[in-house]
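Structure file protein-v8.txt; described as compact mmCIF, C-alpha atoms.
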# COMPACT_ATOMS: atom_id res chain seq x y z
CA MET A 10 -12.89 8.77 16.41
CA LYS A 11 -11.19 11.26 18.72
CA ASP A 12 -11.20 9.08 21.85
CA GLN A 13 -10.16 5.98 19.97
CA PHE A 14 -7.29 7.90 18.36
CA PHE A 15 -6.18 9.25 21.75
CA GLU A 16 -6.09 5.69 23.04
CA LYS A 17 -3.99 4.54 20.09
CA LEU A 18 -1.63 7.45 20.63
CA ARG A 19 -1.21 6.47 24.31
CA GLU A 20 -0.36 2.93 23.21
CA ILE A 21 2.24 4.22 20.75
CA LEU A 22 3.79 6.46 23.37
CA GLU A 23 3.56 3.68 25.96
CA ALA A 24 1.99 6.15 28.38
CA GLU A 25 -1.41 4.77 29.37
CA ASP A 26 -2.54 7.63 31.61
CA LYS A 27 -1.25 10.46 29.46
CA GLU A 28 -3.45 13.55 29.14
CA ILE A 29 -3.94 14.24 25.45
CA SER A 30 -5.74 17.15 23.84
CA LEU A 31 -6.41 18.21 20.26
CA ASP A 32 -4.07 21.18 20.53
CA ASP A 33 -1.06 19.09 21.63
CA LYS A 34 1.97 19.27 19.38
CA PHE A 35 2.67 15.55 19.35
CA ARG A 36 6.33 15.91 18.39
CA ASP A 37 6.87 17.79 21.65
CA TYR A 38 5.80 14.80 23.79
CA GLU A 39 8.73 13.61 25.86
CA GLU A 40 7.97 10.02 24.75
CA TRP A 41 8.18 11.02 21.05
CA ASP A 42 11.01 9.49 19.00
CA SER A 43 11.60 8.06 15.52
CA LEU A 44 10.09 4.70 16.49
CA ALA A 45 6.96 6.42 17.78
CA ASN A 46 6.80 8.26 14.46
CA LEU A 47 7.00 4.98 12.55
CA SER A 48 4.42 3.36 14.82
CA LEU A 49 2.04 6.28 14.32
CA ILE A 50 2.19 6.05 10.50
CA ALA A 51 1.75 2.27 10.77
CA THR A 52 -1.15 2.52 13.24
CA ILE A 53 -2.99 5.04 11.06
CA ASP A 54 -2.58 2.64 8.14
CA ASP A 55 -3.77 -0.33 10.24
CA GLU A 56 -6.71 1.36 11.94
CA TYR A 57 -7.99 3.73 9.28
CA GLY A 58 -6.62 2.26 6.04
CA VAL A 59 -4.89 5.47 4.95
CA VAL A 60 -1.25 6.49 4.62
CA ILE A 61 -0.42 10.15 4.95
CA PRO A 62 2.56 10.94 2.65
CA ASN A 63 5.59 12.01 4.64
CA ASP A 64 5.81 15.42 2.91
CA GLU A 65 2.27 16.15 4.18
CA PHE A 66 2.76 14.49 7.56
CA LYS A 67 5.80 16.68 8.31
CA LYS A 68 3.61 19.81 8.05
CA ILE A 69 1.03 18.51 10.52
CA GLU A 70 1.77 19.85 13.99
CA THR A 71 -1.12 19.03 16.31
CA VAL A 72 -3.13 15.96 17.24
CA GLY A 73 -6.31 17.70 16.00
CA ALA A 74 -4.77 18.50 12.61
CA LEU A 75 -3.64 14.89 12.33
CA ILE A 76 -7.15 13.55 13.00
CA GLN A 77 -8.50 16.00 10.42
CA ALA A 78 -5.95 14.81 7.84
CA ILE A 79 -6.93 11.18 8.48
CA GLU A 80 -10.63 11.98 8.13
CA THR A 81 -10.03 13.91 4.90
CA ARG A 82 -8.09 10.96 3.43
CA MET A 83 -10.71 8.44 4.58
CA ALA A 84 -13.46 10.51 2.95
CA SER A 85 -11.65 10.40 -0.39
CA LEU A 86 -11.29 6.60 -0.39
CA MET B 14 1.89 -1.30 -16.43
CA ARG B 15 5.20 -2.21 -18.08
CA LEU B 16 5.34 -6.00 -18.12
CA SER B 17 8.05 -8.25 -19.58
CA GLU B 18 7.53 -11.96 -20.25
CA TYR B 19 9.80 -14.82 -21.22
CA ASP B 20 9.00 -18.49 -21.71
CA ASN B 21 12.30 -20.10 -22.66
CA ILE B 22 14.61 -19.29 -19.74
CA VAL B 23 14.98 -21.33 -16.58
CA ILE B 24 16.82 -20.70 -13.31
CA ALA B 25 19.51 -23.38 -13.50
CA GLY B 26 21.07 -22.64 -10.12
CA MET B 27 21.27 -20.26 -7.20
CA ALA B 28 23.78 -19.76 -4.38
CA ALA B 29 24.35 -17.23 -1.60
CA ALA B 30 27.37 -16.37 0.53
CA VAL B 31 27.56 -14.59 3.89
CA PRO B 32 30.51 -13.56 6.07
CA SER B 33 31.05 -15.44 9.34
CA GLN B 34 30.80 -12.35 11.56
CA LYS B 35 27.40 -12.03 13.25
CA ILE B 36 26.39 -8.92 15.13
CA SER B 37 23.50 -9.30 17.57
CA VAL B 38 21.21 -6.35 18.28
CA GLU B 39 22.10 -6.79 21.95
CA THR B 40 25.55 -5.44 21.02
CA TYR B 41 23.91 -2.04 20.84
CA TYR B 42 22.26 -1.97 24.30
CA GLU B 43 25.01 0.25 25.63
CA ASP B 44 25.05 2.66 22.67
CA PHE B 45 21.34 3.12 22.03
CA GLY B 46 19.68 1.85 25.25
CA GLN B 47 18.10 -1.56 25.82
CA ASP B 48 14.55 -0.24 25.47
CA THR B 49 15.20 1.41 22.08
CA VAL B 50 17.02 -1.65 20.77
CA GLN B 51 14.26 -4.04 21.90
CA LYS B 52 11.55 -1.87 20.36
CA PHE B 53 13.51 -1.74 17.10
CA SER B 54 14.08 -5.50 17.14
CA GLU B 55 10.41 -6.23 17.72
CA MET B 56 9.25 -3.99 14.89
CA ALA B 57 11.98 -4.70 12.33
CA GLY B 58 12.22 -8.38 13.23
CA VAL B 59 16.03 -8.31 13.36
CA LYS B 60 17.85 -10.35 16.00
CA GLU B 61 21.27 -10.34 14.35
CA VAL B 62 22.96 -9.37 11.09
CA VAL B 63 25.93 -10.68 9.13
CA ARG B 64 28.78 -8.25 8.57
CA ALA B 65 31.83 -8.43 6.28
CA LYS B 66 35.30 -7.75 7.64
CA ASP B 67 37.12 -4.65 6.36
CA GLN B 68 39.01 -6.37 3.53
CA GLN B 69 36.05 -8.36 2.22
CA THR B 70 34.18 -6.56 -0.56
CA ALA B 71 30.77 -7.18 -2.05
CA SER B 72 32.41 -8.74 -5.11
CA ASP B 73 34.32 -11.17 -2.87
CA LEU B 74 31.02 -12.44 -1.48
CA GLY B 75 29.45 -12.58 -4.95
CA TYR B 76 32.52 -14.35 -6.34
CA GLU B 77 32.41 -17.04 -3.66
CA ALA B 78 28.70 -17.63 -4.32
CA ALA B 79 29.38 -17.84 -8.08
CA VAL B 80 32.26 -20.32 -7.74
CA HIS B 81 30.17 -22.43 -5.35
CA LEU B 82 27.36 -22.45 -7.92
CA LEU B 83 29.45 -23.12 -11.06
CA GLU B 84 31.58 -25.84 -9.49
CA THR B 85 28.68 -27.64 -7.81
CA ASN B 86 26.78 -27.75 -11.10
CA ASP B 87 29.91 -28.46 -13.19
CA ILE B 88 29.08 -25.61 -15.58
CA ASP B 89 31.29 -25.14 -18.64
CA ARG B 90 32.28 -21.49 -18.30
CA LYS B 91 32.60 -21.12 -22.09
CA ASP B 92 28.82 -21.28 -22.29
CA ILE B 93 28.34 -18.18 -20.13
CA GLY B 94 27.61 -15.21 -22.39
CA ILE B 95 26.45 -12.59 -19.89
CA LEU B 96 27.77 -11.50 -16.49
CA ILE B 97 25.82 -8.86 -14.58
CA PHE B 98 26.98 -7.56 -11.21
CA VAL B 99 24.33 -5.73 -9.19
CA SER B 100 25.71 -3.74 -6.25
CA GLN B 101 26.00 -0.37 -4.60
CA LYS B 102 29.45 -1.22 -3.26
CA PRO B 103 31.78 -1.73 -6.24
CA ASP B 104 35.47 -2.52 -5.75
CA TYR B 105 36.62 0.67 -7.50
CA ARG B 106 35.11 3.92 -8.75
CA SER B 107 36.19 2.55 -12.13
CA PRO B 108 36.27 0.16 -13.88
CA ALA B 109 33.04 -1.74 -13.31
CA THR B 110 33.42 -4.65 -10.88
CA ALA B 111 31.98 -7.08 -13.46
CA PHE B 112 35.38 -6.97 -15.19
CA VAL B 113 37.16 -7.96 -11.99
CA LEU B 114 34.71 -10.85 -11.64
CA GLN B 115 35.20 -11.89 -15.29
CA LYS B 116 38.94 -12.16 -14.62
CA ARG B 117 38.53 -14.03 -11.35
CA LEU B 118 35.94 -16.41 -12.77
CA ASP B 119 38.09 -16.94 -15.87
CA LEU B 120 35.28 -16.21 -18.32
CA ASN B 121 36.25 -15.77 -21.97
CA ALA B 122 36.22 -12.57 -24.05
CA GLY B 123 32.82 -13.36 -25.56
CA VAL B 124 30.99 -12.51 -22.34
CA LEU B 125 28.98 -9.30 -22.00
CA CYS B 126 29.95 -7.76 -18.64
CA MET B 127 28.36 -4.85 -16.82
CA ASP B 128 27.46 -3.47 -13.42
CA ILE B 129 24.03 -2.28 -12.36
CA ASN B 130 23.92 0.18 -9.47
CA LEU B 131 20.79 -0.86 -7.59
CA ALA B 132 19.99 -1.84 -4.03
CA CYS B 133 16.92 -3.60 -2.68
CA SER B 134 15.13 -3.86 -6.04
CA GLY B 135 18.36 -5.09 -7.65
CA PHE B 136 17.71 -8.82 -7.81
CA VAL B 137 14.43 -8.41 -9.70
CA TYR B 138 15.87 -5.76 -12.03
CA GLY B 139 19.01 -7.84 -12.57
CA LEU B 140 16.96 -10.94 -13.28
CA GLN B 141 14.79 -9.09 -15.79
CA THR B 142 17.90 -7.63 -17.50
CA ALA B 143 19.61 -11.03 -17.62
CA HIS B 144 16.48 -12.61 -19.12
CA ALA B 145 16.32 -9.90 -21.81
CA LEU B 146 20.01 -10.15 -22.75
CA LEU B 147 20.05 -13.95 -22.74
CA ASN B 148 16.86 -14.14 -24.76
CA SER B 149 18.43 -12.11 -27.57
CA SER B 150 21.81 -13.89 -27.57
CA ASN B 151 23.08 -17.22 -28.92
CA LYS B 152 24.65 -18.19 -25.58
CA LYS B 153 23.40 -20.83 -23.17
CA TYR B 154 23.90 -19.14 -19.78
CA ALA B 155 23.69 -15.75 -18.07
CA LEU B 156 25.26 -15.28 -14.64
CA LEU B 157 23.65 -12.73 -12.33
CA ILE B 158 25.70 -11.79 -9.28
CA THR B 159 24.19 -9.53 -6.64
CA ALA B 160 26.24 -8.47 -3.65
CA ASP B 161 26.32 -5.64 -1.15
CA THR B 162 28.25 -4.65 1.91
CA SER B 163 25.86 -1.92 3.06
CA ASN B 164 27.58 -1.68 6.43
CA LYS B 165 30.70 -0.15 4.89
CA THR B 166 29.07 3.26 4.46
CA LEU B 167 26.94 3.32 7.61
CA SER B 168 27.62 5.56 10.57
CA ARG B 169 28.12 3.38 13.63
CA GLU B 170 25.92 5.88 15.46
CA ASP B 171 23.00 5.59 13.03
CA ARG B 172 20.58 3.45 15.02
CA THR B 173 18.05 3.57 12.18
CA MET B 174 20.41 1.62 9.89
CA ILE B 175 23.33 0.00 11.69
CA MET B 176 21.19 -2.65 13.42
CA LEU B 177 19.24 -3.35 10.23
CA PHE B 178 21.61 -4.07 7.34
CA GLY B 179 23.55 -7.24 6.58
CA ASP B 180 26.34 -7.95 4.07
CA SER B 181 26.18 -10.84 1.59
CA GLY B 182 26.39 -11.98 -2.02
CA SER B 183 24.50 -14.25 -4.37
CA ALA B 184 24.82 -15.87 -7.77
CA THR B 185 22.00 -16.98 -10.04
CA LEU B 186 22.51 -18.91 -13.26
CA LEU B 187 19.95 -18.55 -16.04
CA GLU B 188 19.77 -21.10 -18.85
CA LYS B 189 18.11 -20.79 -22.22
CA THR B 190 16.08 -23.88 -23.07
CA ASP B 191 14.24 -25.25 -26.09
CA VAL B 192 11.16 -26.05 -24.03
CA GLN B 193 8.89 -23.05 -23.84
CA ASN B 194 7.10 -23.69 -20.58
CA HIS B 195 9.13 -21.66 -18.12
CA LYS B 196 7.09 -18.52 -17.88
CA SER B 197 8.89 -15.63 -16.17
CA GLN B 198 7.20 -12.25 -15.83
CA PHE B 199 8.48 -8.94 -14.51
CA GLY B 200 6.92 -5.57 -13.68
CA LEU B 201 9.20 -2.67 -12.77
CA ARG B 202 8.68 0.88 -11.48
CA THR B 203 10.87 3.88 -10.61
CA ASN B 204 10.45 7.24 -8.87
CA GLY B 205 13.56 9.35 -9.40
CA GLN B 206 11.80 12.29 -7.72
CA LYS B 207 12.76 10.55 -4.48
CA PHE B 208 16.41 9.85 -5.29
CA LYS B 209 17.44 11.51 -2.03
CA SER B 210 15.35 9.14 0.10
CA ILE B 211 18.29 6.73 0.40
CA ILE B 212 21.55 8.38 -0.54
CA THR B 213 25.30 8.40 0.07
CA PRO B 214 25.91 12.05 -0.88
CA ALA B 215 29.72 12.05 -1.17
CA GLY B 216 32.33 9.66 -2.48
CA ALA B 217 31.55 9.93 -6.18
CA PHE B 218 31.80 13.00 -8.43
CA ARG B 219 28.91 15.33 -7.51
CA ASN B 220 30.17 16.48 -4.14
CA MET B 221 33.93 16.09 -4.39
CA HIS B 222 34.52 19.17 -2.24
CA LEU B 223 32.81 17.70 0.84
CA LYS B 224 35.08 16.86 3.77
CA ASN B 225 34.68 13.55 5.57
CA ILE B 226 33.55 15.10 8.85
CA THR B 227 31.12 13.41 11.23
CA GLU B 228 28.60 15.84 12.70
CA GLU B 229 25.03 15.85 14.01
CA TRP B 230 22.36 16.00 11.29
CA SER B 231 18.86 17.44 11.69
CA ASP B 232 17.53 14.05 12.85
CA GLY B 233 19.92 14.14 15.81
CA ILE B 234 22.14 11.36 14.44
CA ARG B 235 25.86 11.85 13.87
CA ARG B 236 27.07 10.89 10.39
CA SER B 237 29.16 12.29 7.54
CA ASP B 238 28.30 12.94 3.88
CA TYR B 239 30.20 9.74 3.08
CA ASN B 240 27.71 7.71 5.12
CA THR B 241 24.49 6.37 3.65
CA HIS B 242 21.43 8.25 4.87
CA MET B 243 17.87 6.94 4.71
CA LYS B 244 14.79 9.11 5.16
CA GLY B 245 13.05 6.43 7.15
CA MET B 246 9.56 7.88 6.99
CA ASP B 247 9.73 8.42 3.21
CA VAL B 248 10.86 4.88 2.62
CA PHE B 249 8.41 3.39 5.12
CA GLY B 250 5.49 5.24 3.53
CA PHE B 251 6.62 4.13 0.05
CA SER B 252 6.91 0.53 1.24
CA ILE B 253 3.36 0.36 2.57
CA THR B 254 1.71 2.24 -0.33
CA ASP B 255 3.56 2.07 -3.67
CA VAL B 256 4.85 -1.46 -3.18
CA PRO B 257 1.49 -3.14 -2.47
CA LEU B 258 -0.01 -1.11 -5.33
CA LEU B 259 2.56 -2.58 -7.76
CA MET B 260 1.95 -6.06 -6.36
CA LYS B 261 -1.80 -5.68 -6.92
CA ASP B 262 -1.27 -4.30 -10.44
CA PHE B 263 1.13 -7.13 -11.24
CA LEU B 264 -1.37 -9.75 -10.06
CA ALA B 265 -4.10 -8.07 -12.13
CA HIS B 266 -1.97 -7.82 -15.29
CA THR B 267 -0.81 -11.42 -15.03
CA ASN B 268 -4.34 -12.50 -14.21
CA THR B 269 -3.17 -14.31 -11.08
CA SER B 270 -4.03 -14.25 -7.38
CA PRO B 271 -2.04 -15.18 -4.26
CA GLU B 272 -3.43 -18.74 -4.48
CA ASP B 273 -1.50 -19.22 -7.75
CA TYR B 274 1.86 -18.89 -6.00
CA ASP B 275 3.60 -21.34 -3.67
CA VAL B 276 5.97 -18.76 -2.20
CA PHE B 277 6.18 -14.99 -1.85
CA ALA B 278 9.90 -14.26 -1.70
CA LEU B 279 9.74 -10.61 -0.69
CA HIS B 280 12.53 -8.17 0.03
CA GLN B 281 13.38 -8.44 3.73
CA ALA B 282 13.11 -4.75 4.52
CA ASN B 283 11.50 -4.98 7.92
CA LEU B 284 9.14 -7.50 9.52
CA TYR B 285 6.39 -4.95 10.02
CA ILE B 286 6.39 -4.12 6.29
CA LEU B 287 6.20 -7.82 5.41
CA LYS B 288 3.16 -8.19 7.69
CA GLN B 289 1.55 -5.15 6.07
CA LEU B 290 2.13 -6.58 2.58
CA SER B 291 0.61 -9.88 3.73
CA ARG B 292 -2.46 -8.07 5.03
CA LYS B 293 -2.89 -5.72 2.07
CA ILE B 294 -2.43 -8.33 -0.65
CA LYS B 295 -4.20 -11.06 1.38
CA ILE B 296 -1.21 -13.39 1.23
CA PRO B 297 -1.27 -16.14 3.89
CA ILE B 298 1.64 -15.30 6.19
CA ASP B 299 2.99 -18.85 5.93
CA LYS B 300 3.69 -18.23 2.25
CA ILE B 301 6.10 -15.43 3.17
CA PRO B 302 9.40 -16.89 4.42
CA ILE B 303 11.53 -14.72 6.70
CA SER B 304 15.29 -14.27 6.85
CA ILE B 305 15.56 -10.78 8.32
CA ASP B 306 15.72 -12.24 11.84
CA LEU B 307 19.08 -13.95 11.28
CA TYR B 308 20.63 -11.96 8.45
CA GLY B 309 19.09 -8.46 8.50
CA ASN B 310 18.17 -6.47 5.39
CA ASN B 311 20.55 -7.68 2.69
CA SER B 312 19.82 -5.20 -0.09
CA SER B 313 19.79 -6.89 -3.53
CA ASN B 314 20.68 -10.28 -2.00
CA ALA B 315 17.67 -10.52 0.26
CA ILE B 316 15.60 -12.63 -2.14
CA PRO B 317 18.26 -15.21 -3.20
CA LEU B 318 19.52 -15.42 0.40
CA LEU B 319 15.96 -16.11 1.56
CA LEU B 320 15.44 -18.81 -1.08
CA CYS B 321 18.77 -20.48 -0.23
CA GLN B 322 18.00 -20.42 3.49
CA HIS B 323 14.54 -21.92 3.19
CA PHE B 324 14.59 -24.20 0.15
CA ALA B 325 18.13 -25.55 -0.34
CA GLY B 326 18.14 -29.31 -0.13
CA THR B 327 14.38 -29.63 0.21
CA GLU B 328 12.50 -32.21 -1.80
CA GLN B 329 9.67 -29.92 -2.74
CA PRO B 330 8.51 -29.82 -6.35
CA ASN B 331 8.86 -26.76 -8.55
CA LEU B 332 7.76 -23.60 -6.71
CA ARG B 333 5.85 -20.91 -8.53
CA THR B 334 7.45 -17.94 -6.82
CA PHE B 335 6.36 -14.32 -6.56
CA ILE B 336 9.35 -12.04 -6.01
CA CYS B 337 9.30 -8.38 -5.03
CA GLY B 338 12.14 -5.97 -4.26
CA PHE B 339 11.93 -2.30 -3.32
CA GLY B 340 14.26 0.44 -2.13
CA ALA B 341 16.80 3.07 -3.20
CA GLY B 342 15.93 4.98 -6.36
CA LEU B 343 13.20 4.84 -5.39
CA SER B 344 12.88 1.66 -7.37
CA TRP B 345 10.54 -1.30 -7.01
CA ALA B 346 9.84 -4.44 -8.97
CA CYS B 347 7.81 -7.66 -8.99
CA GLY B 348 8.30 -10.92 -10.77
CA ALA B 349 6.84 -14.39 -11.17
CA ILE B 350 9.42 -17.13 -11.65
CA ASN B 351 9.79 -20.88 -11.27
CA ILE B 352 12.18 -22.12 -8.62
CA ASP B 353 13.29 -25.76 -8.52
CA PRO B 354 14.52 -26.33 -4.94
CA LYS B 355 16.94 -28.97 -6.24
CA LYS B 356 18.83 -26.15 -7.99
CA ILE B 357 19.21 -24.08 -4.81
CA LEU B 358 22.39 -24.46 -2.77
CA PRO B 359 22.74 -24.04 1.01
CA ILE B 360 24.17 -20.71 2.19
CA LEU B 361 27.97 -20.60 2.06
CA ILE B 362 29.81 -18.94 4.96
CA THR B 363 33.08 -17.31 3.89
CA ASP B 364 35.54 -14.62 4.91
CA ALA B 365 37.65 -15.01 1.76
CA TYR B 366 38.76 -11.87 -0.02
CA TYR B 367 40.75 -11.03 -3.15
CA GLN B 368 44.41 -10.86 -2.21
CA ASP B 369 45.35 -9.43 -5.61
CA GLY B 370 42.68 -6.75 -5.50
CA LEU B 371 45.38 -4.01 -5.07
This entry written out as structure tokens:
Amino acid sequence: MKDQFFEKLREILEAEDKEISLDDKFRDYEEWDSLANLSLIATIDDEYGVVIPNDEFKKIETVGALIQAIETRMASL
Amino acid sequence: MRLSEYDNIVIAGMAAAVPSQKISVETYYEDFGQDTVQKFSEMAGVKEVVRAKDQQTASDLGYEAAVHLLETNDIDRKDIGILIFVSQKPDYRSPATAFVLQKRLDLNAGVLCMDINLACSGFVYGLQTAHALLNSSNKKYALLITADTSNKTLSREDRTMIMLFGDSGSATLLEKTDVQNHKSQFGLRTNGQKFKSIITPAGAFRNMHLKNITEEWSDGIRRSDYNTHMKGMDVFGFSITDVPLLMKDFLAHTNTSPEDYDVFALHQANLYILKQLSRKIKIPIDKIPISIDLYGNNSSNAIPLLLCQHFAGTEQPNLRTFICGFGAGLSWACGAINIDPKKILPILITDAYYQDGL
């Protein structure tokens, strides 16, 4: 899932060669903006069938924590 | 779920009015950057919006739609027993704008008049309320007017909202009949825990001390407490989770499926959300007409505006129509109604406003 998620994140950020790691704080990416935020929530819903409530999403800082949150939600489906 | 049903009330007419002023998203290239604007336009599906001039209020737009409707159908105004005005942009802090409309429409003293303060769910809530009041009265007609001029409280610098919202009004006439084959059903939900998700904090009586000063908020956008603020992520999440859940529950409780409906007249919040609802509820996309491209998000008028745009003057038979509105409150609602395209009028374009409105 990790590599596929990285690829989706690159598409959202419109940065196809971007180096991404699990420890990255995605809100610090220079390409990050409110539209990227919206696209990320939408992409997670499209690709994994889960929606992370905004109150929870706001507390998630890193790419790794985000993947973990998606996996936790998918497991409870 | 809470479900209301009626079988003796028919939609006898529907009209919508928009101002002549159109604002294209390209207008904002300089302010927000071409790239940002194009990305927004692609996702939200908005190419242009309609915007009222300063003097033109929501009630002016609703009034014009109502006159258009009553005169075209030659309705005897004495038979109207209920007037409901749904809006978040009343003429005055008091009295309710429904009284202004009663005067302007020359309705008699026997009419029940009231305002309902609702936004994007307002048409469905207003329709349900009008059905309930008409059903328990001895009058023939109820007139539901929805109108909003959302732009009047938006910061011109708020790129999340200023390119999205349009101003318009609508009028829908309900008629009580003796024939009991006009099934209308409504399912409504509310989450007041999220009342701050879409809010205009000042201008009423809670925050009277706040000064009208424009400054940068935590999201980096400059606005004042008198501007409407939307927590975009909260509302987006709600729209792609709670709304499809209600739609599914409504279909289950009414024992229907998407095949049973000719049209899904859904609130025009954002094109992406409409696509998500199509996917999640398995509604063929060609059953979901679109008006957000040319008019923007028109709050409580989105559904009647959409129906007037797409079905006025068409020769199609009666349309079993699924309606769904969702937004500020948070508040969301579904309904199943019959729409006769012959009763739907083409959209009226008007810049008229009430000269005697003080």
Margin query: as a ChimeraX atom specification, please: the residues near Ser100 of chain B (cut-off 7 Å, only C-alpha atoms, same-chain neighbours under 5 positions excluded).
Written below: /B:129-132,159-161
Next item on the list: Using only C-alpha atoms, determine which residues lie at most 9 Å from Gly309 of chain B, disregarding the query and same-chain residues fewer than 2 positions distant; provide the list as a list of chain:residue names.
Entry: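 Once the adjacent positions are removed, what remains is B:Ala57, B:Gly58, B:Val59, B:Lys60, B:Glu61, B:Val62, B:Val63, B:Met176, B:Leu177, B:Phe178, B:Gly179, B:Asp180, B:Gln281, B:Ala282, B:Asn283, B:Ser304, B:Ile305, B:Asp306, B:Leu307, B:Asn311, B:Ala315.
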Next item on the list: Please provide as a PyMOL selection string all residues within 9 Å of Ile301 of chain B, with the sequence filter that same-chain residues fewer than 3 positions apart are discarded (counting only C-alpha atoms).
Entry: chain B and resi 276-279+287+291+296-298
Skip Asn151 of chain B itself and residues of its chain fewer than 3 positions away, then list as a CSV table (one decimal) with C-alpha atoms, keeping the file's coordinate frame all residues within 12 Å of it, counting only C-alpha atoms.
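Once written, around27.csv looks like this:
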chain,number,residue,atom,x,y,z
B,92,ASP,CA,28.8,-21.3,-22.3
B,93,ILE,CA,28.3,-18.2,-20.1
B,94,GLY,CA,27.6,-15.2,-22.4
B,95,ILE,CA,26.4,-12.6,-19.9
B,123,GLY,CA,32.8,-13.4,-25.6
B,124,VAL,CA,31.0,-12.5,-22.3
B,146,LEU,CA,20.0,-10.2,-22.8
B,147,LEU,CA,20.0,-14.0,-22.7
B,148,ASN,CA,16.9,-14.1,-24.8
B,154,TYR,CA,23.9,-19.1,-19.8
B,155,ALA,CA,23.7,-15.8,-18.1
B,188,GLU,CA,19.8,-21.1,-18.8
B,189,LYS,CA,18.1,-20.8,-22.2
B,190,THR,CA,16.1,-23.9,-23.1
Notebook entry, point to check: Mind listing as an MDAnalysis selection string which residues of chain B are within 12 Å of chain A, counting only C-alpha atoms?
Noted result: chainID B and resid 48:57 171:173 207 210 232:234 244:255 283 285:286 288:290 292:293
Note to self: I need the residue nearest Leu156 of chain B from this list: B:Val192, B:Leu118, B:Leu343, B:Leu319. Use all atoms listed in the file for the distance.
What the structure shows: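 When distances to Leu156 of chain B are compared using all atoms listed in the file, the smallest one comes from B:Leu118.
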Check: What is the atom CA of Gly338 of chain B to atom CA of Ala184 of chain B distance in Å?
Finding: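 These atoms are spaced 16.5 Å apart.
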Check: If you measure from atom CA of Ile226 of chain B to atom CA of Ser168 of chain B, what distance in Å do you get, rounded to one decimal?
Finding: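 So the answer is 11.4 Å.
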Given 5 Å on each side, where is the centre and what are the edge lengths in Å to one decimal of the axis-aligned box enclosing the listed atoms of segment 56-72 of chain A, as JSON?
{"center_x": -1.1, "center_y": 10.6, "center_z": 9.9, "size_x": 23.8, "size_y": 28.5, "size_z": 24.6}
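Across the model, the gap from atom CA of Asn86 of chain B to atom CA of Ile350 of chain B is 20.4 Å.
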Note to self: Here is a test: counting all atoms listed in the file, which residue of B:Leu157, B:Ile336, B:Leu358, B:Met14 is nearest to His144 of chain B?
What the structure shows: B:Leu157
Item checked: Best match for closeness to Leu18 of chain A among A:Leu49, A:Ser30, A:Glu39, A:Gly73, counting only C-alpha atoms ->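 For Leu18 of chain A, the nearest of the given residues is A:Leu49.
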Checklist line | A:Lys68, A:Leu22, A:Lys34, A:Ile53 ranked by distance to Glu80 of chain A, top pick (using all atoms listed in the file) | finding: A:Ile53
Next item on the list: Show which residues sit within 8 Å of segment 77-83 of chain B, as a list in words. Count all atoms listed in the file, and ignore same-chain residues fewer than 6 positions away.
Entry: Gly26, Met27, Ala28, Ala29, Ala30, Arg90, Leu118, Ile158, Gly182, Ser183, Ala184, Thr185, Leu358, Leu361, Thr363 and Ala365 of chain B
Checklist line | Given all atoms listed in the file as the counted atoms, nearest of B:Leu74, B:Ile352, B:Ile316, B:Leu186 to Tyr367 of chain B | finding: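 So, comparing all the options, the nearest one is B:Leu74.
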Would you mind putting back N, CA, C and O atoms on segment 17-24 of chain B, then writing it out as a PDB file, in the coordinates of the input?
ATOM      1  N   SER B  17       7.189  -7.483 -18.675  1.00  0.00           N
ATOM      2  CA  SER B  17       8.050  -8.250 -19.580  1.00  0.00           C
ATOM      3  C   SER B  17       7.816  -9.726 -19.321  1.00  0.00           C
ATOM      4  O   SER B  17       7.698 -10.139 -18.167  1.00  0.00           O
ATOM      5  N   GLU B  18       7.779 -10.510 -20.411  1.00  0.00           N
ATOM      6  CA  GLU B  18       7.530 -11.960 -20.250  1.00  0.00           C
ATOM      7  C   GLU B  18       8.511 -12.770 -21.074  1.00  0.00           C
ATOM      8  O   GLU B  18       8.880 -12.374 -22.181  1.00  0.00           O
ATOM      9  N   TYR B  19       8.904 -13.899 -20.530  1.00  0.00           N
ATOM     10  CA  TYR B  19       9.800 -14.820 -21.220  1.00  0.00           C
ATOM     11  C   TYR B  19       9.280 -16.237 -20.965  1.00  0.00           C
ATOM     12  O   TYR B  19       8.724 -16.503 -19.899  1.00  0.00           O
ATOM     13  N   ASP B  20       9.484 -17.132 -21.943  1.00  0.00           N
ATOM     14  CA  ASP B  20       9.000 -18.490 -21.710  1.00  0.00           C
ATOM     15  C   ASP B  20      10.057 -19.559 -21.984  1.00  0.00           C
ATOM     16  O   ASP B  20       9.771 -20.747 -21.959  1.00  0.00           O
ATOM     17  N   ASN B  21      11.288 -19.120 -22.264  1.00  0.00           N
ATOM     18  CA  ASN B  21      12.300 -20.100 -22.660  1.00  0.00           C
ATOM     19  C   ASN B  21      13.556 -20.023 -21.792  1.00  0.00           C
ATOM     20  O   ASN B  21      14.627 -20.431 -22.218  1.00  0.00           O
ATOM     21  N   ILE B  22      13.428 -19.433 -20.605  1.00  0.00           N
ATOM     22  CA  ILE B  22      14.610 -19.290 -19.740  1.00  0.00           C
ATOM     23  C   ILE B  22      14.291 -19.856 -18.355  1.00  0.00           C
ATOM     24  O   ILE B  22      13.241 -19.562 -17.780  1.00  0.00           O
ATOM     25  N   VAL B  23      15.210 -20.665 -17.854  1.00  0.00           N
ATOM     26  CA  VAL B  23      14.980 -21.330 -16.580  1.00  0.00           C
ATOM     27  C   VAL B  23      16.096 -20.954 -15.598  1.00  0.00           C
ATOM     28  O   VAL B  23      17.219 -20.659 -16.027  1.00  0.00           O
ATOM     29  N   ILE B  24      15.778 -20.922 -14.318  1.00  0.00           N
ATOM     30  CA  ILE B  24      16.820 -20.700 -13.310  1.00  0.00           C
ATOM     31  C   ILE B  24      17.518 -22.033 -13.060  1.00  0.00           C
ATOM     32  O   ILE B  24      16.938 -22.960 -12.490  1.00  0.00           O
TER      33      ILE B  24
END
